[in-house]
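Beneath this line is the structure, given in structure tokens, with notes to follow.
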Amino acid sequence: VATHQWFQDSVVYQIYPRSFQDSNHDGIGDLNGIRSRLDYLQKLGVDVLWLNPIYKSPDKDNGYDIADYEAIQPVFGTMTDFDQLLADIHEHGLKLMMDLVVNHTSDQHKWFQASKQSQDNPFSDFYIWRDPVDGHEPNNWGSYFGGPAWTYVPERGQYYLHLFAPGQPDLNWENPAVREHVYDLMRFWLDKGVDGFRMDVINFISKPAGLPDAPQPTGAKYGNVEPMVADGPLLNDYLQEMNREVLSHYDVMTVGEMPSSVPADVVNYANLNGSELNMVFQFEHVTLAANPDARLGKWNDQSVKLVDLKHALNHWEMDLDGKGWNSLYWNNHDQPRAVSRFATDDPKYRVAAAKMLGGTLHFLQGTPYVYEGEEIGMTNAHFTELTQYEDLESINGYHQIVDEERATDATHMLKYLENISRDNARTPMQWDASQNAGFSDATPWFGLNQNYVQINVATALAKQDSVFYFYQKLIQLRHQYAIIRYGSFEPLDEEDPQVYAYRRHLDGQTLLVESNFTTDTLTRNYDHPGNATVLIDNYGQDAGQTLRPYEMKAYLYSDAEN
Ligand code: TEU
Ligand code: CA
């Protein structure tokens with residue numbers, strides 16, 4: 001096993017730049033706004049910052065449609081602002097991870113603008129073009145954002161593939177020139193001193209030969225593309241080449257976003273020998289609650305069963321132990337807020353629940369990710385009208401499912417959106433109780449969560465028992481104890497529907513973690529010596545074999561005493 005590396009000792013904080021902090025009174029977060037908050041992030045104790053895309057983009061998908069990989073989106077600032085931010089991040093002893101979106105570009109990118117002109121120019125084969133079949137799309141694939149995954153271009157007389165919006169044409173990774181151009185743009189940022197990349201849907205880049213039809217649920221207009229494109233035939237080859245050509249020449253951290261990936265593949269993608277990536281974002285625990293009607297895909301209003309959540313997280317811990325490295329996350333800009341999804345945002349229990357979730361995740365083996373606002377227990381937005389949403393996945397999904405396919409009605413779909421829309425995570429960061437939550441002194445680009453008066457950083461910093469200080473303590477414990485970073489994982493009582501308990505083991509020491517996921521007061525007896533150290537308890541004081549509503553605690557002891 002390779003020696004331990006800094007990405008295994010780190011905690012990452014994810015910043016959604018447009019919603020983090022505005023500094024120039026336009027209601028949109030920006031790079032100088034992030035700079036003004038570095039002291040806060042240093043106080044929290046995180047090691048690495050991951051910024052969602054900040055490159056030039058027409059913003060069809062909030063920056064995940066890149067038109068120029070080597071230019072900063074003007075609304076976020078200039079390249080000088082970026083250089084100053086990077087220097088300041090390093091000054092604060094932090095590292096910066098950028099978002100690498102190379103499964104697709106924007107249709108405004110100069111490569112695509114050339115490619116669509118003809119079938120015989122240097123960029124013709126940079127994308128995936130196919131002739132019409134019987135006058136229509138080459139196969140039945142549906143886009144994640146509604147409609148077919150193909151768009152016809154008359155001047156070229158062909159369709160091009162876009163797994164996401166028509167403004168996000170998929171790159172043709174089989175073309176070595178594409179791969180060379182991607183490696184060049186990666187070097188541009190790494191040569192500036194950037195410390196790593198989060199790689200957007202990187203396990204989609206190798207498409208299956210022949211692009212065969214996808215499974216199409218009865219009544220659905222299109223086939224489900226994910227099983228067709230996830231973990232394609234040449235993915236390991238591409239990742240190994242990227243590593244040889246670029247990553248291995250720098251001291252960087254990489255995390256691949258991999259919807260549908262499974263441990264058997266991830267032990268290669270995230271192997272400990274550093275020949276591919278350092279870790280991946282797997283999706284098993286964030287896709288547990290499924291709608292019985294397959295036509296509805298991700299949209300559902302089910303709550304997640306604890307036993308299912310434990311099975312999902314536990315087998316990733318055990319399957320990768322000693323073979324690969326895990327990321328650990330509850331939230332990001334594509335997922336609803338953790339406290340609302342996995343526990344409760346009822347004001348009576350929200351603080352205890354948010355801490356409980358933080359503790360449950362941060363004592364697992366892997367690199368933890370904290371999404372902006374998670375550290376103060378921010379909640380879902382609980383929007384009630386379609387007009388309150390701005391995410392194309394939510395809006396297009398509503399129109400396709402309700403208006404076109406008539407697979408459900410407006411009332412149900414609005415419940416599904418409230419439960420799981422990506423917009424739940426994109427309301428502005430809540431800094432204080434002043435107007436616009438201290439995010440901006442102009443009208444924010446997107447609706448604030450109205451509970452910012454109660455839930456905000458200023459209030460959290462003023463209360464010693466706030467979620468903030470609990471996360472600060474979790475991060476400090478991870479930096480202090482090797483058993484948290486490297487201990488092996490042992491599940492306990494996996495069928496217990498109320499309590500998530502597990503042990504970690506390292507060098508004759510044991511860490512015991514117990515988390516109550518309910519509002520009941522429970523009794524559990526996981527044996528540990530009476531003189532075990534209580535590392536943390538979200539109620540402040542440990543109550544022995546009693547677990548109060550949403551109580552979590554961690555004990556540390558040496559095996560000799562037990
Ligand atoms: O997300 C890819 C992805 O899998 C998500 O679209 C997810 O599957 C969907 O939201 C259901 O949960 C990445 C980015 O994180 C996302 O913001 C982009 O919209 C997408 O890729 C396209 O770049
Ligand atoms: Ca701004």
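Residue names in the structure tokens use chain letters A, B, ... in the order shown, residue numbers from 1 in each chain, and ligand numbers from 1 in the order shown.
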Residues within 10 Å of segment 99-110 of chain A, only C-alpha atoms, excluding chain neighbours under 4 positions, as a PyMOL selection string = chain A and resi 50-61+63-69+114-116+123+127+161-173+178-179+182+185-186+196-206+254-256
So which residues touch Tyr502 of chain A within 12 Å, counting only C-alpha atoms, skipping near sequence neighbours fewer than 6 positions away, as a ChimeraX atom specification?
-> /A:310-311,313-314,317-318,359-361,363-365,487-494,496,510-515,526-527,552-555
Can you list, as number ranges by chain, every protein, DNA or RNA residue that comes within 10 Å of His412 of chain A when you count only C-alpha atoms, leaving out same-chain residues fewer than 3 positions away?
-> A: 299-301, 402, 408-409, 415-418
Expected selection as a PyMOL selection string for ligand 2 within 12 Å, only C-alpha atoms and all ligand atoms = chain A and resi 17-34+73-78+439-445
Sel. of strand (DSSP E or B) residues, segment 51-296 of chain A, as a ChimeraX atom specification | /A:51,55-56,68-72,95-100,104,127,129-130,133,136,141-142,148,150-153,158-161,170-171,196-199,223,253-257,271,279-281
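Between atom CA of Gln84 of chain A and atom 20 (C, counted along the ligand's line) of ligand 1 lies a distance of 28.2 Å.
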